[in-house]
Protein chains: 4
Amino acid sequence: MSKWKNVKKVVLAYSGGLDTSIILKWLQTELGAEVVTFTADLGQGDSDLEPARKKAEMMGAKEIFIRDVREEFVKDFVFPMFRANAVYEGTYLLGTSIARPLISKHLVEIARETGADAVAHGATGKGNDQVRFELSAYALNPDIKVIAPWRDWSFKSRTDLIDFAEKYQIPIAKDKRNEAPFSVDANLLHSSSEGKVLEDPWVDPPEYVYQRTISPMDAPDKVTEIIIGFEKGDAVSIDGKKLSPASILSALNDLGRDNGIGRLDLVENRFVGMKSRGVYETPGGTILLAAHRAIESLTLDRGAGHLKDDIMPRYAELIYNGFWYSPEREMLQALIDKSQEDVEGDVRLKLYKGNVIVSGRRSPKSLYRNDLVTFEDDRGAYDQKDAEGFIRLNGLRLRTLGARKR
Amino acid sequence: MSKWKNVKKVVLAYSGGLDTSIILKWLQTELGAEVVTFTADLGQGDSDLEPARKKAEMMGAKEIFIRDVREEFVKDFVFPMFRANAVYEGTYLLGTSIARPLISKHLVEIARETGADAVAHGATGKGNDQVRFELSAYALNPDIKVIAPWRDWSFKSRTDLIDFAEKYQIPIAKDKRNEAPFSVDANLLHSSSEGKVLEDPWVDPPEYVYQRTISPMDAPDKVTEIIIGFEKGDAVSIDGKKLSPASILSALNDLGRDNGIGRLDLVENRFVGMKSRGVYETPGGTILLAAHRAIESLTLDRGAGHLKDDIMPRYAELIYNGFWYSPEREMLQALIDKSQEDVEGDVRLKLYKGNVIVSGRRSPKSLYRNDLVTFEDDRGAYDQKDAEGFIRLNGLRLRTLGARKR
Amino acid sequence: MSKWKNVKKVVLAYSGGLDTSIILKWLQTELGAEVVTFTADLGQGDSDLEPARKKAEMMGAKEIFIRDVREEFVKDFVFPMFRANAVYEGTYLLGTSIARPLISKHLVEIARETGADAVAHGATGKGNDQVRFELSAYALNPDIKVIAPWRDWSFKSRTDLIDFAEKYQIPIAKDKRNEAPFSVDANLLHSSSEGKVLEDPWVDPPEYVYQRTISPMDAPDKVTEIIIGFEKGDAVSIDGKKLSPASILSALNDLGRDNGIGRLDLVENRFVGMKSRGVYETPGGTILLAAHRAIESLTLDRGAGHLKDDIMPRYAELIYNGFWYSPEREMLQALIDKSQEDVEGDVRLKLYKGNVIVSGRRSPKSLYRNDLVTFEDDRGAYDQKDAEGFIRLNGLRLRTLGARKR
Amino acid sequence: MSKWKNVKKVVLAYSGGLDTSIILKWLQTELGAEVVTFTADLGQGDSDLEPARKKAEMMGAKEIFIRDVREEFVKDFVFPMFRANAVYEGTYLLGTSIARPLISKHLVEIARETGADAVAHGATGKGNDQVRFELSAYALNPDIKVIAPWRDWSFKSRTDLIDFAEKYQIPIAKDKRNEAPFSVDANLLHSSSEGKVLEDPWVDPPEYVYQRTISPMDAPDKVTEIIIGFEKGDAVSIDGKKLSPASILSALNDLGRDNGIGRLDLVENRFVGMKSRGVYETPGGTILLAAHRAIESLTLDRGAGHLKDDIMPRYAELIYNGFWYSPEREMLQALIDKSQEDVEGDVRLKLYKGNVIVSGRRSPKSLYRNDLVTFEDDRGAYDQKDAEGFIRLNGLRLRTLGARKR
């Protein structure tokens, strides 16, 4: 690849799987570059990362970085995003989107530490992930080179890839010889599946697509009740037990999985311009979103809440499109974080066969005032006469308009 | 009431119940006004409105108007609102809010037909409904007087009301002698319950509060699959059978009720400034919203969809606050309706114990292009090389910023 | 006034003029309350506040507070607002709106210090200022009582007021015996005139309405060139000379006045529901706004700038409507302030007969890169080939739409 | 150019100047394509387009289209945009941006008429115009090929271009042999200048850059007063004389030019990611914008006006970025047009040495009500007591917040 001819050392986001192993080798052989691998435990489910280390060693990786970033992921990325109640296009909880900037951050850091002049990732040229990886990398180091082999190499088919792997004696798991029936991404927040058997949006996803939840139909016919505690907008406890960010999300994932919660089958609009169909599982996140909205309903002022709702789609779009490290995302985060200072208290939820049912919320910072709202005698807390002037002045311009119409 | 001393004839929104009967009599006796009654079938569940007519006659109503407005309600109010995917504060489907302007429209029309100079409603001075009734009336007739007896009369307690009713021989159903355990509103879109037993937002609503849905826990353990057809953004058929707007919503209500769908327990922010807790049941609307989002996901362009998402909270707030008949709501409606021209096709849904699961969508106007998105050979429909330039120029300003930071 | 019968001590915003002197006396005689006066130097032009003190003493004010709040006004209110480029309805620089919360803050503070249970202001029941005073006071002390005598007293005409003043021997300046030809508000940011001779929006304001600017037609036929320096979004120097916030605004006011800059004749929409016509003079503010936009054009990223532009009208509306002390204004301020960290540098302006002409801007934090934009050889800083992919992917959805249309 | 090897016939946006003549020849010689020329009178100042025709003929253009599109330009593009009060980044009136979709529309139409498979334009790879041309073309014909020779050809310098021109005997005006001191675009709405002498944003533009306005300093020391009449948001008359859209804009251009109105020197953010400095002259547009805002101030309801202000920056950005033919621009246009139904009446303006001073506005559809706003006796049109309830309920949530703070 002549365009990368000056690249000497590349930090590769390396999973240990076949595809990124092929990339590792391709970087060595085609570019003649030294390769440094970075493998992260994001909670994707392979908590044992030693095989990845071994494989990287075996393939001649120059340096090998393995990091457990689960707490960082939840604390610095997932939780700030959930403070915004962010959903993309009304439904998607952004599980893949939010992990990419974290990976890029480590790639860029490791590049600096190791003196590498490039980073590389295994995302294709059709998806959003390439954008997220690369915009994050460019923002953090404007001089970094970002190599996306899927856009550059000359392989035309799965067969070409397998041939290349065999040529370089890259071990191929038996079930990887053929293309997977769908493409997967996973981390502590969610797993996603897309492509192949899912490509026709009229066809119901087969049950085997789902990886981290059981079906609502298979979930037990009994209610599980939990209480989530919040401080400054973040979940801090379950049933009164304080837990770290990653531990909370992990515990909620278990609860969600067991109760058939958090499946989503959707058609979304990619930043690169086409629609795609995805199946997402976000068991813990789905519970967390409901709980966060509930504690906000009690502790967030109307003006604050409506402003948050108004800017949320834009904030979600920024994350989806890969602009986590942009000034506008940071400005919106400042606005959101400002709103969360008193978002504190408990939410009680019933989990049941796919349902997350809010059944109670309480807070020392509650803005709910029974003396105002009661149908009983309110002892003067609220003067109903005030409503008359309120309505008359709100209606004044409408009356002026009505008079003009005649 | 000296402030209403010139009022000669009032059109009253009359349900036939005890409270509006007391208002009817109060208007006659305290104001010395002739009373015209308007009773609407909005799908609230009393399809037999003859008792209301009899009661109004008996109490000396001057003229009696009884109208079945269900089709008008769904066609001109509910469906336009659902084109926007409107939800207030992230969750509430605006079931009460959307009925009020329709009632005011009829009150004002009947006032014109009968030469009345005022209209009256039975909403209290603490809620949103007074605002919605009155702003709508003022917008449609800037000279109309709007009487809200709950704000004006001198009754201090339930006992006072009952005494007044007995004095004027207003029939009192046995269960109405004491205050209801909660307050209810209902129409074809939803029913709501609030107050009394619901006033503590930490307390789980008792099962007897729910009126038009069974609990997910009580729903049958089997999946019901349906297909909803759309044209120009509105539902037009169920399982291939064309139905009128009200018939569709009614059929979806039945399906929702039987499958435990559409319950909502929330704390919301009223326009008049306080938080209140409500329990809402919107069985058909909950299904409809999921289906509409799904058909949009296939047929609406990204730019159109994101713009809709961005303005939705504002549109919902306008309806919630009573500004249906405002230029800004009409402007937003023009924008929304413009977007729906090609929102057409079928959505397949699974209804199961509280879940509405989208399992397929198809459309002759689909913008989903498998040739673009496929992991297979796309025969040149999409050039992955384009992504490089796309990302580089999207990242240019971020790189410039990154360089400044150093 | 029976509604205020429990009020014992009131802090009055007192100018020393006839109207607030009448209010002072009315509070004493009608309410039987002790009155504490607060007189502020906001830069309205009466830098000698001693006469106000004397008059308050003479009229029996219990305690007298006189404070020079000019620096506080500019630093904590005007400058934060200018960081947002806030204009209401496209043109109005919010000169009156921004002063009200400051006055209320001092009233509430003094009430606490003096043990007063109420504050009072001299704004009428038709305008925005009553709202701004009262919302601010309620936000800062929810238990405070706010007395607005113009809404409460029984005077029907100017004659009644004068009679009252004479009865209590309040000195009446000769030119105050009749109503002023228009109503005025002034502070260091602006002066406003409205009412009377200005009530017909077709009639050109007479020259005598203007108080702090000469006409562009009367300004000297020569260019004045200045350089304003900025740090973190705030003006800090003129022609290289560091100045305090109030000193800068004051100096810009002089420059604006002399060059006929900052006049505005408009029709605006009041929060209370009607349109009004106002004539505003904001000489320094008009220069400052142009300069701030210019320094932002060089130092603010596009994403940051566009987000600011998008939320600006809402921010301006909040200030106009009196919601300075609201969580949503504070959230927006957090967003805005976050954006200003690198808004630093110099702007050169030409002032000439009503014109503010930006003629240069420079910054150590500039994001302008000549190597990118140049028509000359850019030595590879920008690859024009990138534009092709950028355009193709931006256009992909439009092509898909275009294909559907056929 | 192998990438265009299948192109048989190209429609070229042809000005008759040296650059597009070189492109014409390059398309013929390098691509071997037939070339159809399209030359438009957009009001750029060369009302005699015959020389362009002759030159195209001489160079062997296959077919030659010359069209006067001035009325179409103003009626279908400029006026709809001005209904929105669109300005980009607070200042730029979008004069170049709004002309590009019109040109693309004609290119695509002519391609269809002549059976051409491609269109070509003379915009470079660094600017916004390439994006605007191409997105418009793709939206109108998703199969069209768009050739941007500046991105594709191998010329490295001005000398290369001149050599090519001489080789093919393309006539070269003497002053075109060297590069222009800045780059220019012009149409009936504006002219722009950028590059070269303007590249340093600290340097004041030399006077010779300005092409269609005299300097405020050189403008006559006398006021010109005019009255612009509006219907449905569009200007329809000057001083009572009805004029066509292009005639009005043309007349306003003359008035603006003579009074030194409409110069703008700015730094803007291009869609392709860098900042650039431009000098714009929009004499008529500057007057029109002030007048339109003024007539709206009288006839547009507050809710409508604020909604328009809120969405304006987004609408302007869409036009700037080239998305005229996008569903979201069309949706916003539907919203905007809906608001303009009653925007009708007269605005009186004073033009003076760079100033556009609104001095009066009147309308049969005015919403200004003197009976409401007057300081005089309003005979009950407005009840000041209403303000109390209005403020109390607007302040209720702030008081609740205030109580929580303690």
# chains A, B, ... in the order shown; residues from 1 in each chain; ligands from 1
>>> select_by_dssp(residues="stretch 22-69 of chain C", states="strand (DSSP E)", output="NGL selection string")
:C and (34-41 or 63-68)
>>> interface_residues(of="chain D", to="chain B", cutoff="9 Å", atoms="only C-alpha atoms", output="PyMOL selection string")
chain D and resi 271-275+301-308+326-339+393-398+400
>>> write_last_selection(atoms="N, CA, C and O atoms", output="short mmCIF file (atom, residue, chain, number, x, y, z; two decimals), in the first residue's frame")
data_model
loop_
_atom_site.label_atom_id
_atom_site.label_comp_id
_atom_site.auth_asym_id
_atom_site.auth_seq_id
_atom_site.Cartn_x
_atom_site.Cartn_y
_atom_site.Cartn_z
N PHE D 271 -18.37 24.05 4.92
CA PHE D 271 -18.86 22.69 5.16
C PHE D 271 -17.72 21.68 5.05
O PHE D 271 -17.71 20.66 5.75
N VAL D 272 -16.76 21.94 4.19
CA VAL D 272 -15.67 20.98 4.02
C VAL D 272 -14.64 21.04 5.15
O VAL D 272 -13.66 20.31 5.12
N GLY D 273 -14.84 21.92 6.14
CA GLY D 273 -14.09 21.77 7.36
C GLY D 273 -13.07 22.84 7.72
O GLY D 273 -12.45 22.77 8.77
N MET D 274 -12.89 23.85 6.86
CA MET D 274 -11.92 24.88 7.26
C MET D 274 -12.62 26.24 7.33
O MET D 274 -13.71 26.43 6.83
N LYS D 275 -11.95 27.16 7.96
CA LYS D 275 -12.42 28.54 8.00
C LYS D 275 -11.93 29.28 6.77
O LYS D 275 -10.83 29.01 6.28
N ASP D 301 -47.30 36.50 14.97
CA ASP D 301 -47.53 36.18 16.38
C ASP D 301 -46.22 35.78 17.06
O ASP D 301 -45.31 35.24 16.42
N ARG D 302 -46.14 36.00 18.36
CA ARG D 302 -44.93 35.66 19.10
C ARG D 302 -44.54 34.19 18.98
O ARG D 302 -43.39 33.85 18.74
N GLY D 303 -45.52 33.32 19.14
CA GLY D 303 -45.22 31.90 19.06
C GLY D 303 -44.66 31.52 17.70
O GLY D 303 -43.71 30.74 17.59
N ALA D 304 -45.25 32.09 16.67
CA ALA D 304 -44.77 31.82 15.31
C ALA D 304 -43.38 32.39 15.12
O ALA D 304 -42.48 31.74 14.58
N GLY D 305 -43.18 33.62 15.57
CA GLY D 305 -41.89 34.27 15.36
C GLY D 305 -40.77 33.59 16.11
O GLY D 305 -39.67 33.40 15.56
N HIS D 306 -41.03 33.19 17.33
CA HIS D 306 -39.96 32.54 18.10
C HIS D 306 -39.63 31.17 17.53
O HIS D 306 -38.46 30.77 17.50
N LEU D 307 -40.62 30.46 17.08
CA LEU D 307 -40.34 29.17 16.43
C LEU D 307 -39.48 29.39 15.18
O LEU D 307 -38.51 28.67 14.94
N LYS D 308 -39.83 30.40 14.41
CA LYS D 308 -39.02 30.71 13.23
C LYS D 308 -37.58 31.04 13.62
O LYS D 308 -36.63 30.58 12.98
N SER D 326 -33.41 18.83 -0.13
CA SER D 326 -33.47 17.76 0.87
C SER D 326 -34.84 17.80 1.50
O SER D 326 -35.48 18.86 1.57
N PRO D 327 -35.30 16.68 2.01
CA PRO D 327 -36.62 16.69 2.66
C PRO D 327 -36.67 17.61 3.87
O PRO D 327 -37.69 18.24 4.13
N GLU D 328 -35.56 17.70 4.59
CA GLU D 328 -35.60 18.54 5.79
C GLU D 328 -35.71 20.02 5.43
O GLU D 328 -36.38 20.78 6.12
N ARG D 329 -35.07 20.46 4.34
CA ARG D 329 -35.23 21.85 3.92
C ARG D 329 -36.67 22.08 3.47
O ARG D 329 -37.29 23.09 3.79
N GLU D 330 -37.23 21.13 2.78
CA GLU D 330 -38.62 21.28 2.32
C GLU D 330 -39.60 21.27 3.49
O GLU D 330 -40.60 22.00 3.48
N MET D 331 -39.31 20.48 4.50
CA MET D 331 -40.17 20.49 5.69
C MET D 331 -40.10 21.83 6.40
O MET D 331 -41.12 22.40 6.80
N LEU D 332 -38.89 22.35 6.55
CA LEU D 332 -38.75 23.65 7.19
C LEU D 332 -39.42 24.74 6.35
O LEU D 332 -40.03 25.66 6.87
N GLN D 333 -39.31 24.61 5.03
CA GLN D 333 -39.96 25.60 4.17
C GLN D 333 -41.47 25.57 4.35
O GLN D 333 -42.13 26.62 4.38
N ALA D 334 -42.02 24.37 4.50
CA ALA D 334 -43.47 24.26 4.73
C ALA D 334 -43.85 24.98 6.02
O ALA D 334 -44.86 25.69 6.09
N LEU D 335 -43.03 24.81 7.04
CA LEU D 335 -43.26 25.49 8.31
C LEU D 335 -43.18 27.01 8.13
O LEU D 335 -44.03 27.76 8.61
N ILE D 336 -42.14 27.45 7.44
CA ILE D 336 -41.92 28.88 7.26
C ILE D 336 -43.05 29.49 6.42
O ILE D 336 -43.63 30.52 6.78
N ASP D 337 -43.36 28.86 5.32
CA ASP D 337 -44.39 29.41 4.44
C ASP D 337 -45.74 29.51 5.15
O ASP D 337 -46.48 30.47 4.96
N LYS D 338 -46.01 28.50 5.96
CA LYS D 338 -47.26 28.52 6.74
C LYS D 338 -47.34 29.79 7.60
O LYS D 338 -48.41 30.34 7.81
N SER D 339 -46.19 30.23 8.09
CA SER D 339 -46.18 31.40 8.98
C SER D 339 -46.39 32.73 8.27
O SER D 339 -46.66 33.73 8.91
N LEU D 393 -47.91 31.65 38.85
CA LEU D 393 -47.82 30.28 38.34
C LEU D 393 -46.54 30.06 37.53
O LEU D 393 -45.95 28.99 37.58
N ASN D 394 -46.09 31.06 36.82
CA ASN D 394 -44.78 30.92 36.16
C ASN D 394 -43.66 30.75 37.19
O ASN D 394 -42.65 30.11 36.91
N GLY D 395 -43.87 31.35 38.35
CA GLY D 395 -42.83 31.28 39.37
C GLY D 395 -42.95 30.09 40.31
O GLY D 395 -42.05 29.85 41.11
N LEU D 396 -44.03 29.34 40.18
CA LEU D 396 -44.27 28.28 41.17
C LEU D 396 -43.12 27.27 41.22
O LEU D 396 -42.63 26.91 42.29
N ARG D 397 -42.67 26.83 40.05
CA ARG D 397 -41.60 25.84 40.05
C ARG D 397 -40.29 26.45 40.56
O ARG D 397 -39.48 25.76 41.20
N LEU D 398 -40.09 27.74 40.31
CA LEU D 398 -38.87 28.39 40.81
C LEU D 398 -38.89 28.48 42.33
O LEU D 398 -37.86 28.33 42.99
N THR D 400 -40.46 26.35 44.26
CA THR D 400 -40.23 24.99 44.74
C THR D 400 -38.74 24.66 44.72
O THR D 400 -38.19 24.07 45.65
#
>>> select_by_dssp(residues="stretch 97-191 of chain D", states="alpha helix (DSSP H)", output="JSON, numbers by chain")
{"D": [100, 101, 102, 103, 104, 105, 106, 107, 108, 109, 110, 111, 112, 113, 114, 129, 130, 131, 132, 133, 134, 135, 136, 137, 138, 139, 140, 149, 150, 151, 152, 158, 159, 160, 161, 162, 163, 164, 165, 166, 167]}
>>> residues_around(residues="A:Val203", least_positions_apart="2", cutoff="10 Å", atoms="only C-alpha atoms", output="VMD selection string")
(chain A and resid 197 to 201 205 to 206) or (chain B and resid 348 359 to 362)
>>> write_last_selection(atoms="all heavy atoms", output="mmCIF file, in the first residue's frame")
data_model
loop_
_atom_site.group_PDB
_atom_site.id
_atom_site.type_symbol
_atom_site.label_atom_id
_atom_site.label_comp_id
_atom_site.auth_asym_id
_atom_site.auth_seq_id
_atom_site.Cartn_x
_atom_site.Cartn_y
_atom_site.Cartn_z
ATOM 1 N N VAL A 197 -28.491 -12.992 7.752
ATOM 2 C CA VAL A 197 -29.868 -13.432 7.979
ATOM 3 C C VAL A 197 -30.777 -12.280 8.406
ATOM 4 O O VAL A 197 -31.995 -12.421 8.408
ATOM 5 C CB VAL A 197 -29.947 -14.520 9.072
ATOM 6 C CG1 VAL A 197 -29.122 -15.719 8.655
ATOM 7 C CG2 VAL A 197 -29.466 -13.990 10.430
ATOM 8 N N LEU A 198 -30.186 -11.146 8.772
ATOM 9 C CA LEU A 198 -31.001 -10.023 9.236
ATOM 10 C C LEU A 198 -31.240 -8.995 8.139
ATOM 11 O O LEU A 198 -31.912 -7.991 8.365
ATOM 12 C CB LEU A 198 -30.310 -9.357 10.432
ATOM 13 C CG LEU A 198 -30.087 -10.269 11.638
ATOM 14 C CD1 LEU A 198 -29.222 -9.592 12.674
ATOM 15 C CD2 LEU A 198 -31.433 -10.677 12.247
ATOM 16 N N GLU A 199 -30.715 -9.264 6.951
ATOM 17 C CA GLU A 199 -30.738 -8.194 5.948
ATOM 18 C C GLU A 199 -32.133 -7.847 5.437
ATOM 19 O O GLU A 199 -32.343 -6.732 4.972
ATOM 20 C CB GLU A 199 -29.786 -8.530 4.796
ATOM 21 C CG GLU A 199 -28.335 -8.235 5.182
ATOM 22 C CD GLU A 199 -27.346 -8.392 4.036
ATOM 23 O OE1 GLU A 199 -27.759 -8.775 2.928
ATOM 24 O OE2 GLU A 199 -26.150 -8.127 4.268
ATOM 25 N N ASP A 200 -33.063 -8.760 5.494
ATOM 26 C CA ASP A 200 -34.416 -8.414 5.058
ATOM 27 C C ASP A 200 -35.217 -7.913 6.257
ATOM 28 O O ASP A 200 -35.541 -8.668 7.157
ATOM 29 C CB ASP A 200 -35.095 -9.650 4.447
ATOM 30 C CG ASP A 200 -36.499 -9.322 3.968
ATOM 31 O OD1 ASP A 200 -37.041 -8.247 4.316
ATOM 32 O OD2 ASP A 200 -37.074 -10.155 3.231
ATOM 33 N N PRO A 201 -35.551 -6.628 6.269
ATOM 34 C CA PRO A 201 -36.196 -6.058 7.462
ATOM 35 C C PRO A 201 -37.625 -6.555 7.690
ATOM 36 O O PRO A 201 -38.234 -6.196 8.698
ATOM 37 C CB PRO A 201 -36.174 -4.545 7.197
ATOM 38 C CG PRO A 201 -35.973 -4.385 5.735
ATOM 39 C CD PRO A 201 -35.260 -5.614 5.241
ATOM 40 N N PRO A 205 -36.112 -11.808 13.244
ATOM 41 C CA PRO A 205 -34.794 -12.367 13.571
ATOM 42 C C PRO A 205 -34.925 -13.753 14.192
ATOM 43 O O PRO A 205 -35.768 -13.954 15.072
ATOM 44 C CB PRO A 205 -34.228 -11.390 14.610
ATOM 45 C CG PRO A 205 -35.051 -10.168 14.521
ATOM 46 C CD PRO A 205 -36.387 -10.584 14.004
ATOM 47 N N PRO A 206 -34.120 -14.705 13.736
ATOM 48 C CA PRO A 206 -34.160 -16.029 14.362
ATOM 49 C C PRO A 206 -33.657 -15.936 15.803
ATOM 50 O O PRO A 206 -32.820 -15.091 16.126
ATOM 51 C CB PRO A 206 -33.211 -16.868 13.505
ATOM 52 C CG PRO A 206 -32.340 -15.887 12.803
ATOM 53 C CD PRO A 206 -33.129 -14.629 12.653
ATOM 54 N N ARG B 348 -45.237 -5.508 11.130
ATOM 55 C CA ARG B 348 -45.701 -6.700 11.847
ATOM 56 C C ARG B 348 -45.264 -6.603 13.306
ATOM 57 O O ARG B 348 -44.104 -6.267 13.588
ATOM 58 C CB ARG B 348 -45.109 -7.963 11.219
ATOM 59 C CG ARG B 348 -45.792 -9.239 11.717
ATOM 60 C CD ARG B 348 -45.225 -10.490 11.075
ATOM 61 N NE ARG B 348 -43.787 -10.474 11.200
ATOM 62 C CZ ARG B 348 -42.943 -10.589 10.172
ATOM 63 N NH1 ARG B 348 -43.384 -10.740 8.938
ATOM 64 N NH2 ARG B 348 -41.640 -10.551 10.385
ATOM 65 N N SER B 359 -41.482 -6.916 14.636
ATOM 66 C CA SER B 359 -40.730 -8.061 14.109
ATOM 67 C C SER B 359 -40.596 -8.020 12.590
ATOM 68 O O SER B 359 -40.041 -8.932 11.986
ATOM 69 C CB SER B 359 -41.385 -9.362 14.552
ATOM 70 O OG SER B 359 -42.647 -9.497 13.923
ATOM 71 N N GLY B 360 -41.085 -6.950 11.968
ATOM 72 C CA GLY B 360 -40.893 -6.817 10.532
ATOM 73 C C GLY B 360 -41.547 -5.552 10.019
ATOM 74 O O GLY B 360 -42.490 -5.035 10.627
ATOM 75 N N ARG B 361 -40.995 -4.992 8.942
ATOM 76 C CA ARG B 361 -41.605 -3.825 8.278
ATOM 77 C C ARG B 361 -41.250 -3.890 6.809
ATOM 78 O O ARG B 361 -40.151 -4.326 6.439
ATOM 79 C CB ARG B 361 -41.192 -2.494 8.904
ATOM 80 C CG ARG B 361 -39.761 -2.110 9.027
ATOM 81 C CD ARG B 361 -38.847 -3.047 9.655
ATOM 82 N NE ARG B 361 -38.426 -2.841 11.030
ATOM 83 C CZ ARG B 361 -37.799 -3.788 11.717
ATOM 84 N NH1 ARG B 361 -37.495 -4.979 11.173
ATOM 85 N NH2 ARG B 361 -37.442 -3.582 12.956
ATOM 86 N N ARG B 362 -42.205 -3.506 5.969
ATOM 87 C CA ARG B 362 -41.996 -3.539 4.512
ATOM 88 C C ARG B 362 -42.795 -2.408 3.890
ATOM 89 O O ARG B 362 -43.801 -1.966 4.466
ATOM 90 C CB ARG B 362 -42.441 -4.892 3.944
ATOM 91 C CG ARG B 362 -43.928 -5.115 4.040
ATOM 92 C CD ARG B 362 -44.355 -6.487 3.522
ATOM 93 N NE ARG B 362 -45.780 -6.687 3.829
ATOM 94 C CZ ARG B 362 -46.409 -7.852 3.804
ATOM 95 N NH1 ARG B 362 -45.743 -8.956 3.464
ATOM 96 N NH2 ARG B 362 -47.698 -7.941 4.099
#
>>> residues_around(residues="D:Val7", least_positions_apart="2", cutoff="9 Å", atoms="only C-alpha atoms", output="PDB file with N, CA and C atoms, in the first residue's frame")
ATOM      1  N   TRP D   4     -13.936   8.590 -15.854  1.00  0.00           N
ATOM      2  CA  TRP D   4     -15.044   9.148 -16.632  1.00  0.00           C
ATOM      3  C   TRP D   4     -15.110   8.540 -18.036  1.00  0.00           C
ATOM      4  N   LYS D   5     -14.467   7.409 -18.181  1.00  0.00           N
ATOM      5  CA  LYS D   5     -14.270   6.939 -19.558  1.00  0.00           C
ATOM      6  C   LYS D   5     -15.575   6.620 -20.295  1.00  0.00           C
ATOM      7  N   LYS D   9     -21.566  12.541 -23.067  1.00  0.00           N
ATOM      8  CA  LYS D   9     -22.030  13.905 -23.275  1.00  0.00           C
ATOM      9  C   LYS D   9     -22.157  14.598 -21.923  1.00  0.00           C
ATOM     10  N   VAL D  10     -21.634  15.790 -21.853  1.00  0.00           N
ATOM     11  CA  VAL D  10     -21.603  16.525 -20.582  1.00  0.00           C
ATOM     12  C   VAL D  10     -22.274  17.878 -20.746  1.00  0.00           C
ATOM     13  N   LEU D  31     -11.655  13.686 -21.998  1.00  0.00           N
ATOM     14  CA  LEU D  31     -12.697  12.682 -21.816  1.00  0.00           C
ATOM     15  C   LEU D  31     -13.250  12.221 -23.163  1.00  0.00           C
ATOM     16  N   GLY D  32     -12.962  12.968 -24.194  1.00  0.00           N
ATOM     17  CA  GLY D  32     -13.546  12.637 -25.487  1.00  0.00           C
ATOM     18  C   GLY D  32     -15.058  12.767 -25.497  1.00  0.00           C
ATOM     19  N   ALA D  33     -15.555  13.670 -24.673  1.00  0.00           N
ATOM     20  CA  ALA D  33     -17.004  13.806 -24.535  1.00  0.00           C
ATOM     21  C   ALA D  33     -17.525  14.971 -25.370  1.00  0.00           C
ATOM     22  N   GLU D  34     -18.762  14.854 -25.800  1.00  0.00           N
ATOM     23  CA  GLU D  34     -19.450  16.012 -26.373  1.00  0.00           C
ATOM     24  C   GLU D  34     -19.810  16.953 -25.234  1.00  0.00           C
ATOM     25  N   ALA D 116     -27.676  13.845 -22.169  1.00  0.00           N
ATOM     26  CA  ALA D 116     -26.320  13.810 -21.596  1.00  0.00           C
ATOM     27  C   ALA D 116     -26.296  12.923 -20.356  1.00  0.00           C
ATOM     28  N   ASP D 117     -25.161  12.301 -20.097  1.00  0.00           N
ATOM     29  CA  ASP D 117     -25.058  11.434 -18.928  1.00  0.00           C
ATOM     30  C   ASP D 117     -24.267  12.062 -17.791  1.00  0.00           C
ATOM     31  N   ALA D 118     -23.787  13.272 -18.011  1.00  0.00           N
ATOM     32  CA  ALA D 118     -23.011  13.925 -16.958  1.00  0.00           C
ATOM     33  C   ALA D 118     -23.221  15.435 -16.998  1.00  0.00           C
ATOM     34  N   LYS D 145     -23.886  11.705 -13.525  1.00  0.00           N
ATOM     35  CA  LYS D 145     -22.479  11.813 -13.119  1.00  0.00           C
ATOM     36  C   LYS D 145     -22.148  13.296 -13.005  1.00  0.00           C
TER      37      LYS D 145
END
